[in-house]
Structure formats: C-alpha cells, structure tokens
Amino acid sequence: MTEERGWKHSDDPHVAITAKNMRAMAHPVRMQLVGLLRKHGPSTATRLAAQLGLNSGATSYHLRQLAAAGFVEEDEERGNARERWWRSAHRMTVWTGDDMADEEPETAAGFLRSVLAAHTLAAQRTLDAFETMPRDWRRVTDLSDQGLQLTPAEAEQLTGELFEVIRRYRRIDHGGPAPEGTEQVSVVVHVLPDATTTSEGETA
C-alpha cells in the first residue's frame, strides 16, 4: 500500500493531485465528467453532454483539458473516425501535497469547491429519486453526521481508518457484469474542521 498523506490512502490505480493538474480539475463540469467516466465507464462527448445538459463542443473542450492534465484518455479500442470515446485514466484521485494549499490557496479552494459541488449534486439526484426508489434502497440511504473532538493527527487517522473499511467492499468494475442484486453506491466522506472554533495555528 502506498503511504501517502491526504484524504485517500490506496493501492488502487490513482492520479496524485499536483498544483498543475489541480488547476485543470478546479471546474465543476470537469469534476462531473471524470466522475461519470469512473462510475459508468467509457463514453463520448455527445453522450456525456446529454447527461450534463451541455453542448458537445463544450464537453469536448473540457475532455481535452482533462486529457492534457492526465485525468482522462482516449479509448482507442472503441473510437472511430466519426466519434472519439473517452475513459478515466485512473480509478481515483489522491490528494498528496500538504504544501499545495499553502502555495496556491485560491487554486486549492477552487478545486475543493468543485469536489463539494459534485458531491452535493450526487446527493441531490438521489433525493430527487427517493420517493420512487425501491424500499430496500430507501432504507439504507444515509445522510448522517457526527460531531467529534479531535486533534489533527486523530482526524487524519480517522480518515485512513474509514477508507480501510471502504476498501473491504466491492468496487465498481466496468470489465464485466455486475453481481445480481447490486447497484452502484456512492460513499462520501467529509472530515470538516469547525471553522467557527478553529483559527490559523490553533485548534480548539
């Protein structure tokens, strides 16, 4: 297992966020495009545009920017002269640079806002379908939160332990049919220091 500081500790294929590619990803549409490709597998700009309510030209532009930053790549096995297919280049994104937020705080904040926007949109889509969702899935839908009193080291340990638990479960695999009875499930982890009780260089 790679020992990397950040939100996610994983031996899965991943791309490490750097200051350069963080700028490329700090856009809500690009964050959604990468999410769709990772969740549903390879697709075209036209199909992705339809899912996001955009035009294919804008979607193609964002895909090219993501490719230049190493987040997506052409799926040459599916593409042809008329249509380009794209796929995610990695299964997940890993935040590894503690210094990036110090060096480029505005870029880091923009990137994190795009992450939060993508999470919020995913939760909203689930709630929009909640009333017609099968009862078993309504029962396990969870939006709970807990308040803890932690040190920064304890918060980091908590995050690592949560992802250790998540890794025990079946990952989305586009290489074959999904096991019977399963559906895709998003697990979102937020560890949020309380901005009303913390200040620079001091933890309440």
# chains A, B, ... in the order shown; residues from 1 in each chain; ligands from 1
>>> residues_around(residues="region 99-108 of chain A", least_positions_apart="2", cutoff="9 Å", atoms="only C-alpha atoms", output="list in words")
Thr18, Ala19, Met22, Arg23, Ala26, Thr96, Gly97, Gly110, Phe111, Leu112 and Arg113 of chain A
>>> write_last_selection(atoms="all heavy atoms", output="CSV table (one decimal), in the first residue's frame")
chain,number,residue,atom,x,y,z
A,18,THR,N,-1.5,17.5,-8.2
A,18,THR,CA,-0.4,18.4,-8.1
A,18,THR,C,-1.0,19.8,-8.4
A,18,THR,O,-2.2,19.9,-8.7
A,18,THR,CB,0.6,18.1,-9.2
A,18,THR,OG1,0.0,18.3,-10.5
A,18,THR,CG2,1.1,16.7,-9.1
A,19,ALA,N,-0.2,20.8,-8.1
A,19,ALA,CA,-0.7,22.2,-8.4
A,19,ALA,C,-1.2,22.4,-9.8
A,19,ALA,O,-2.2,23.0,-10.1
A,19,ALA,CB,0.4,23.2,-8.0
A,22,MET,N,-4.4,20.2,-10.5
A,22,MET,CA,-5.4,20.7,-9.6
A,22,MET,C,-6.1,21.9,-10.3
A,22,MET,O,-7.4,22.0,-10.2
A,22,MET,CB,-4.9,21.1,-8.3
A,22,MET,CG,-5.9,21.6,-7.3
A,22,MET,SD,-5.3,21.8,-5.6
A,22,MET,CE,-4.0,22.9,-5.8
A,23,ARG,N,-5.4,22.7,-11.0
A,23,ARG,CA,-6.0,23.9,-11.7
A,23,ARG,C,-6.9,23.3,-12.8
A,23,ARG,O,-7.9,23.9,-13.1
A,23,ARG,CB,-4.9,24.8,-12.3
A,23,ARG,CG,-4.2,25.6,-11.2
A,23,ARG,CD,-3.3,26.7,-11.8
A,23,ARG,NE,-2.2,26.2,-12.5
A,23,ARG,CZ,-1.0,25.9,-11.9
A,23,ARG,NH1,-0.9,26.2,-10.6
A,23,ARG,NH2,0.0,25.4,-12.6
A,26,ALA,N,-10.1,22.1,-11.3
A,26,ALA,CA,-10.9,23.0,-10.4
A,26,ALA,C,-12.0,23.7,-11.3
A,26,ALA,O,-12.1,24.9,-11.4
A,26,ALA,CB,-10.0,24.1,-9.9
A,96,THR,N,-2.1,14.5,-2.2
A,96,THR,CA,-0.9,14.1,-1.6
A,96,THR,C,0.0,15.3,-1.1
A,96,THR,O,0.8,15.1,-0.2
A,96,THR,CB,0.0,13.3,-2.5
A,96,THR,OG1,0.3,14.1,-3.7
A,96,THR,CG2,-0.7,12.0,-3.0
A,97,GLY,N,-0.3,16.5,-1.6
A,97,GLY,CA,0.6,17.6,-1.3
A,97,GLY,C,0.1,18.5,-0.2
A,97,GLY,O,-0.8,19.3,-0.5
A,110,GLY,N,-10.6,26.4,-5.0
A,110,GLY,CA,-11.4,26.2,-6.1
A,110,GLY,C,-11.6,24.7,-6.4
A,110,GLY,O,-12.7,24.3,-6.8
A,111,PHE,N,-10.5,24.0,-6.3
A,111,PHE,CA,-10.6,22.5,-6.5
A,111,PHE,C,-11.6,21.9,-5.5
A,111,PHE,O,-12.4,21.1,-5.9
A,111,PHE,CB,-9.2,21.9,-6.4
A,111,PHE,CG,-9.2,20.4,-6.3
A,111,PHE,CD1,-9.4,19.7,-7.5
A,111,PHE,CD2,-9.0,19.7,-5.2
A,111,PHE,CE1,-9.4,18.3,-7.5
A,111,PHE,CE2,-9.0,18.3,-5.1
A,111,PHE,CZ,-9.2,17.6,-6.3
A,112,LEU,N,-11.4,22.3,-4.2
A,112,LEU,CA,-12.3,21.7,-3.2
A,112,LEU,C,-13.7,22.1,-3.4
A,112,LEU,O,-14.7,21.3,-3.1
A,112,LEU,CB,-11.8,22.1,-1.8
A,112,LEU,CG,-10.4,21.6,-1.4
A,112,LEU,CD1,-10.0,22.1,-0.1
A,112,LEU,CD2,-10.4,20.0,-1.4
A,113,ARG,N,-14.0,23.3,-3.9
A,113,ARG,CA,-15.4,23.7,-4.1
A,113,ARG,C,-16.0,22.9,-5.3
A,113,ARG,O,-17.2,22.5,-5.2
A,113,ARG,CB,-15.4,25.2,-4.5
A,113,ARG,CG,-15.2,26.1,-3.3
A,113,ARG,CD,-15.4,27.6,-3.7
A,113,ARG,NE,-15.1,28.5,-2.6
A,113,ARG,CZ,-14.0,29.1,-2.4
A,113,ARG,NH1,-13.1,29.0,-3.4
A,113,ARG,NH2,-13.8,29.9,-1.4
>>> closest_atom_pairs(of="region 56-76 of chain A", to="region 46-52 of chain A", cutoff="9 Å", atoms="only C-alpha atoms", output="CSV")
residue,atom,partner,partner_atom,distance
A:Ser56,CA,A:Thr46,CA,5.0
A:Gly57,CA,A:Thr46,CA,8.4
A:Ala58,CA,A:Ala49,CA,8.1
A:Thr59,CA,A:Ala49,CA,5.8
A:Ser60,CA,A:Thr46,CA,8.2
>>> atom_distance(atom1="CA of Ala195 (chain A)", atom2="CA of Leu162 (chain A)")
22.4 Å
>>> residues_around(residues="Ala67 (chain A)", least_positions_apart="6", cutoff="9 Å", atoms="only C-alpha atoms", output="list in words")
Glu73, Glu74 and Ala89 of chain A
>>> select_by_dssp(residues="region 57-197 of chain A", states="helix (DSSP H, G or I)", output="PyMOL selection string")
chain A and resi 57-68+100-103+105-128+130-132+135-140+152-166
>>> write_last_selection(atoms="C-alpha atoms", output="PDB file, in the first residue's frame")
ATOM      1  CA  GLY A  57     -18.442  21.225 -28.212  1.00  0.00           C
ATOM      2  CA  ALA A  58     -18.041  22.476 -24.638  1.00  0.00           C
ATOM      3  CA  THR A  59     -17.831  18.917 -23.351  1.00  0.00           C
ATOM      4  CA  SER A  60     -15.127  18.048 -25.905  1.00  0.00           C
ATOM      5  CA  TYR A  61     -13.106  21.075 -24.809  1.00  0.00           C
ATOM      6  CA  HIS A  62     -13.265  20.058 -21.154  1.00  0.00           C
ATOM      7  CA  LEU A  63     -12.320  16.466 -22.010  1.00  0.00           C
ATOM      8  CA  ARG A  64      -9.258  17.662 -23.914  1.00  0.00           C
ATOM      9  CA  GLN A  65      -8.192  19.777 -20.946  1.00  0.00           C
ATOM     10  CA  LEU A  66      -8.633  16.797 -18.641  1.00  0.00           C
ATOM     11  CA  ALA A  67      -6.599  14.618 -21.012  1.00  0.00           C
ATOM     12  CA  ALA A  68      -3.759  17.161 -21.049  1.00  0.00           C
ATOM     13  CA  MET A 100      -0.156  22.915  -2.184  1.00  0.00           C
ATOM     14  CA  ALA A 101      -2.823  24.643  -0.129  1.00  0.00           C
ATOM     15  CA  ASP A 102      -0.098  26.891   1.312  1.00  0.00           C
ATOM     16  CA  GLU A 103       1.452  27.645  -2.071  1.00  0.00           C
ATOM     17  CA  PRO A 105      -4.639  28.556  -1.585  1.00  0.00           C
ATOM     18  CA  GLU A 106      -7.050  30.003  -4.167  1.00  0.00           C
ATOM     19  CA  THR A 107      -6.485  27.096  -6.563  1.00  0.00           C
ATOM     20  CA  ALA A 108      -6.829  24.573  -3.753  1.00  0.00           C
ATOM     21  CA  ALA A 109     -10.052  26.210  -2.581  1.00  0.00           C
ATOM     22  CA  GLY A 110     -11.421  26.200  -6.141  1.00  0.00           C
ATOM     23  CA  PHE A 111     -10.605  22.521  -6.507  1.00  0.00           C
ATOM     24  CA  LEU A 112     -12.288  21.678  -3.205  1.00  0.00           C
ATOM     25  CA  ARG A 113     -15.365  23.705  -4.139  1.00  0.00           C
ATOM     26  CA  SER A 114     -15.651  21.645  -7.324  1.00  0.00           C
ATOM     27  CA  VAL A 115     -15.404  18.444  -5.266  1.00  0.00           C
ATOM     28  CA  LEU A 116     -18.119  19.679  -2.906  1.00  0.00           C
ATOM     29  CA  ALA A 117     -20.350  20.736  -5.809  1.00  0.00           C
ATOM     30  CA  ALA A 118     -20.053  17.261  -7.347  1.00  0.00           C
ATOM     31  CA  HIS A 119     -20.891  15.620  -4.015  1.00  0.00           C
ATOM     32  CA  THR A 120     -23.878  17.916  -3.499  1.00  0.00           C
ATOM     33  CA  LEU A 121     -25.201  17.201  -6.992  1.00  0.00           C
ATOM     34  CA  ALA A 122     -24.901  13.441  -6.468  1.00  0.00           C
ATOM     35  CA  ALA A 123     -26.812  13.669  -3.177  1.00  0.00           C
ATOM     36  CA  GLN A 124     -29.500  15.832  -4.777  1.00  0.00           C
ATOM     37  CA  ARG A 125     -30.003  13.333  -7.600  1.00  0.00           C
ATOM     38  CA  THR A 126     -30.504  10.562  -5.060  1.00  0.00           C
ATOM     39  CA  LEU A 127     -33.034  12.613  -3.102  1.00  0.00           C
ATOM     40  CA  ASP A 128     -34.877  13.537  -6.307  1.00  0.00           C
ATOM     41  CA  PHE A 130     -36.005   8.923  -3.280  1.00  0.00           C
ATOM     42  CA  GLU A 131     -39.807   8.642  -3.442  1.00  0.00           C
ATOM     43  CA  THR A 132     -39.731   6.112  -6.284  1.00  0.00           C
ATOM     44  CA  ARG A 135     -37.846   0.312  -0.311  1.00  0.00           C
ATOM     45  CA  ASP A 136     -34.630  -1.589   0.492  1.00  0.00           C
ATOM     46  CA  TRP A 137     -32.547   1.213  -1.038  1.00  0.00           C
ATOM     47  CA  ARG A 138     -34.574   3.969   0.656  1.00  0.00           C
ATOM     48  CA  ARG A 139     -33.895   2.248   3.964  1.00  0.00           C
ATOM     49  CA  VAL A 140     -30.113   2.269   3.553  1.00  0.00           C
ATOM     50  CA  PRO A 152      -5.340  16.977  13.552  1.00  0.00           C
ATOM     51  CA  ALA A 153      -3.468  13.672  13.945  1.00  0.00           C
ATOM     52  CA  GLU A 154      -6.622  11.928  15.159  1.00  0.00           C
ATOM     53  CA  ALA A 155      -8.631  13.371  12.262  1.00  0.00           C
ATOM     54  CA  GLU A 156      -6.056  12.045   9.794  1.00  0.00           C
ATOM     55  CA  GLN A 157      -6.127   8.634  11.474  1.00  0.00           C
ATOM     56  CA  LEU A 158      -9.927   8.598  11.349  1.00  0.00           C
ATOM     57  CA  THR A 159      -9.914   9.270   7.606  1.00  0.00           C
ATOM     58  CA  GLY A 160      -7.420   6.479   6.982  1.00  0.00           C
ATOM     59  CA  GLU A 161      -9.462   4.013   9.027  1.00  0.00           C
ATOM     60  CA  LEU A 162     -12.670   4.921   7.204  1.00  0.00           C
ATOM     61  CA  PHE A 163     -11.046   4.183   3.857  1.00  0.00           C
ATOM     62  CA  GLU A 164      -9.669   0.902   5.212  1.00  0.00           C
ATOM     63  CA  VAL A 165     -13.293  -0.111   5.835  1.00  0.00           C
ATOM     64  CA  ILE A 166     -14.464   1.092   2.409  1.00  0.00           C
TER      65      ILE A 166
END
>>> closest_residue(among="A:Ala24, A:Val187, A:Gly176, A:Ser88", to="Leu36 (chain A)", atoms="only C-alpha atoms")
A:Ser88
>>> closest_atom_pairs(of="region 45-137 of chain A", to="region 37-40 of chain A", cutoff="8 Å", atoms="only C-alpha atoms", output="Markdown table")
| residue | atom | partner | partner_atom | distance |
| --- | --- | --- | --- | --- |
| A:Trp86 | CA | A:Leu37 | CA | 7.8 |
| A:Arg87 | CA | A:Leu37 | CA | 5.7 |
| A:Ser88 | CA | A:Leu37 | CA | 5.5 |
| A:His90 | CA | A:Arg38 | CA | 8.0 |
| A:Arg91 | CA | A:Arg38 | CA | 6.4 |
| A:Met92 | CA | A:Arg38 | CA | 8.0 |
>>> decode(residues="region 1-127 of chain A", atoms="C-alpha atoms", output="mmCIF file, in the first residue's frame")
data_model
loop_
_atom_site.group_PDB
_atom_site.id
_atom_site.type_symbol
_atom_site.label_atom_id
_atom_site.label_comp_id
_atom_site.auth_asym_id
_atom_site.auth_seq_id
_atom_site.Cartn_x
_atom_site.Cartn_y
_atom_site.Cartn_z
ATOM 1 C CA MET A 1 0.000 0.000 0.000
ATOM 2 C CA THR A 2 1.317 3.422 -0.843
ATOM 3 C CA GLU A 3 1.904 5.619 2.171
ATOM 4 C CA GLU A 4 0.503 8.960 1.118
ATOM 5 C CA ARG A 5 -0.805 11.799 3.196
ATOM 6 C CA GLY A 6 -4.218 13.093 2.280
ATOM 7 C CA TRP A 7 -7.822 12.042 2.119
ATOM 8 C CA LYS A 8 -7.337 8.701 0.417
ATOM 9 C CA HIS A 9 -4.771 6.018 1.116
ATOM 10 C CA SER A 10 -4.966 3.360 -1.559
ATOM 11 C CA ASP A 11 -3.096 0.855 -3.665
ATOM 12 C CA ASP A 12 -5.700 1.275 -6.429
ATOM 13 C CA PRO A 13 -4.564 2.920 -9.686
ATOM 14 C CA HIS A 14 -4.729 6.632 -8.986
ATOM 15 C CA VAL A 15 -3.574 10.057 -10.073
ATOM 16 C CA ALA A 16 -1.922 12.295 -7.490
ATOM 17 C CA ILE A 17 -3.150 15.866 -7.400
ATOM 18 C CA THR A 18 -0.433 18.403 -8.144
ATOM 19 C CA ALA A 19 -0.690 22.182 -8.355
ATOM 20 C CA LYS A 20 -0.805 21.943 -12.167
ATOM 21 C CA ASN A 21 -3.481 19.317 -12.592
ATOM 22 C CA MET A 22 -5.432 20.715 -9.634
ATOM 23 C CA ARG A 23 -5.976 23.856 -11.704
ATOM 24 C CA ALA A 24 -7.239 21.734 -14.595
ATOM 25 C CA MET A 25 -9.720 19.923 -12.355
ATOM 26 C CA ALA A 26 -10.898 23.015 -10.446
ATOM 27 C CA HIS A 27 -14.006 23.297 -12.599
ATOM 28 C CA PRO A 28 -17.403 21.775 -11.688
ATOM 29 C CA VAL A 29 -18.043 20.402 -15.191
ATOM 30 C CA ARG A 30 -14.671 18.673 -15.367
ATOM 31 C CA MET A 31 -15.171 17.169 -11.939
ATOM 32 C CA GLN A 32 -18.517 15.768 -13.106
ATOM 33 C CA LEU A 33 -17.045 14.419 -16.348
ATOM 34 C CA VAL A 34 -14.346 12.469 -14.535
ATOM 35 C CA GLY A 35 -16.948 11.202 -12.063
ATOM 36 C CA LEU A 36 -19.243 9.960 -14.836
ATOM 37 C CA LEU A 37 -16.416 8.164 -16.633
ATOM 38 C CA ARG A 38 -15.268 6.487 -13.426
ATOM 39 C CA LYS A 39 -18.773 5.490 -12.406
ATOM 40 C CA HIS A 40 -20.279 4.420 -15.733
ATOM 41 C CA GLY A 41 -17.258 3.609 -17.877
ATOM 42 C CA PRO A 42 -16.088 4.927 -21.282
ATOM 43 C CA SER A 43 -18.296 7.367 -23.165
ATOM 44 C CA THR A 44 -18.333 10.010 -25.887
ATOM 45 C CA ALA A 45 -18.517 13.775 -25.605
ATOM 46 C CA THR A 46 -22.015 13.677 -27.105
ATOM 47 C CA ARG A 47 -23.325 11.201 -24.542
ATOM 48 C CA LEU A 48 -21.660 12.974 -21.645
ATOM 49 C CA ALA A 49 -23.026 16.318 -22.849
ATOM 50 C CA ALA A 50 -26.556 14.892 -22.839
ATOM 51 C CA GLN A 51 -26.125 13.678 -19.257
ATOM 52 C CA LEU A 52 -24.907 17.077 -18.097
ATOM 53 C CA GLY A 53 -27.224 19.234 -20.207
ATOM 54 C CA LEU A 54 -24.334 20.789 -22.152
ATOM 55 C CA ASN A 55 -23.421 21.019 -25.820
ATOM 56 C CA SER A 56 -20.915 18.506 -27.179
ATOM 57 C CA GLY A 57 -18.442 21.225 -28.212
ATOM 58 C CA ALA A 58 -18.041 22.476 -24.638
ATOM 59 C CA THR A 59 -17.831 18.917 -23.351
ATOM 60 C CA SER A 60 -15.127 18.048 -25.905
ATOM 61 C CA TYR A 61 -13.106 21.075 -24.809
ATOM 62 C CA HIS A 62 -13.265 20.058 -21.154
ATOM 63 C CA LEU A 63 -12.320 16.466 -22.010
ATOM 64 C CA ARG A 64 -9.258 17.662 -23.914
ATOM 65 C CA GLN A 65 -8.192 19.777 -20.946
ATOM 66 C CA LEU A 66 -8.633 16.797 -18.641
ATOM 67 C CA ALA A 67 -6.599 14.618 -21.012
ATOM 68 C CA ALA A 68 -3.759 17.161 -21.049
ATOM 69 C CA ALA A 69 -3.737 17.035 -17.236
ATOM 70 C CA GLY A 70 -3.716 13.218 -17.174
ATOM 71 C CA PHE A 71 -7.212 12.584 -15.795
ATOM 72 C CA VAL A 72 -8.805 11.050 -18.899
ATOM 73 C CA GLU A 73 -7.571 9.388 -22.083
ATOM 74 C CA GLU A 74 -8.949 8.280 -25.431
ATOM 75 C CA ASP A 75 -10.358 4.765 -25.577
ATOM 76 C CA GLU A 76 -8.872 3.824 -28.935
ATOM 77 C CA GLU A 77 -10.474 0.367 -28.921
ATOM 78 C CA ARG A 78 -13.937 1.980 -29.061
ATOM 79 C CA GLY A 79 -13.214 5.122 -31.068
ATOM 80 C CA ASN A 80 -13.538 5.512 -34.811
ATOM 81 C CA ALA A 81 -13.157 8.207 -37.451
ATOM 82 C CA ARG A 82 -16.544 9.700 -36.599
ATOM 83 C CA GLU A 83 -16.588 9.504 -32.828
ATOM 84 C CA ARG A 84 -13.981 9.691 -30.058
ATOM 85 C CA TRP A 85 -14.508 7.681 -26.905
ATOM 86 C CA TRP A 86 -13.006 8.712 -23.574
ATOM 87 C CA ARG A 87 -12.274 6.858 -20.378
ATOM 88 C CA SER A 88 -10.912 7.757 -16.975
ATOM 89 C CA ALA A 89 -7.159 7.236 -16.817
ATOM 90 C CA HIS A 90 -7.323 6.265 -13.134
ATOM 91 C CA ARG A 91 -9.793 4.803 -10.685
ATOM 92 C CA MET A 92 -9.400 7.558 -8.131
ATOM 93 C CA THR A 93 -7.748 10.885 -7.335
ATOM 94 C CA VAL A 94 -5.425 11.230 -4.360
ATOM 95 C CA TRP A 95 -4.541 14.440 -2.523
ATOM 96 C CA THR A 96 -0.873 14.090 -1.556
ATOM 97 C CA GLY A 97 0.608 17.571 -1.265
ATOM 98 C CA ASP A 98 0.112 19.241 2.100
ATOM 99 C CA ASP A 99 2.090 22.235 0.808
ATOM 100 C CA MET A 100 -0.156 22.915 -2.184
ATOM 101 C CA ALA A 101 -2.823 24.643 -0.129
ATOM 102 C CA ASP A 102 -0.098 26.891 1.312
ATOM 103 C CA GLU A 103 1.452 27.645 -2.071
ATOM 104 C CA GLU A 104 -1.761 28.143 -4.055
ATOM 105 C CA PRO A 105 -4.639 28.556 -1.585
ATOM 106 C CA GLU A 106 -7.050 30.003 -4.167
ATOM 107 C CA THR A 107 -6.485 27.096 -6.563
ATOM 108 C CA ALA A 108 -6.829 24.573 -3.753
ATOM 109 C CA ALA A 109 -10.052 26.210 -2.581
ATOM 110 C CA GLY A 110 -11.421 26.200 -6.141
ATOM 111 C CA PHE A 111 -10.605 22.521 -6.507
ATOM 112 C CA LEU A 112 -12.288 21.678 -3.205
ATOM 113 C CA ARG A 113 -15.365 23.705 -4.139
ATOM 114 C CA SER A 114 -15.651 21.645 -7.324
ATOM 115 C CA VAL A 115 -15.404 18.444 -5.266
ATOM 116 C CA LEU A 116 -18.119 19.679 -2.906
ATOM 117 C CA ALA A 117 -20.350 20.736 -5.809
ATOM 118 C CA ALA A 118 -20.053 17.261 -7.347
ATOM 119 C CA HIS A 119 -20.891 15.620 -4.015
ATOM 120 C CA THR A 120 -23.878 17.916 -3.499
ATOM 121 C CA LEU A 121 -25.201 17.201 -6.992
ATOM 122 C CA ALA A 122 -24.901 13.441 -6.468
ATOM 123 C CA ALA A 123 -26.812 13.669 -3.177
ATOM 124 C CA GLN A 124 -29.500 15.832 -4.777
ATOM 125 C CA ARG A 125 -30.003 13.333 -7.600
ATOM 126 C CA THR A 126 -30.504 10.562 -5.060
ATOM 127 C CA LEU A 127 -33.034 12.613 -3.102
#
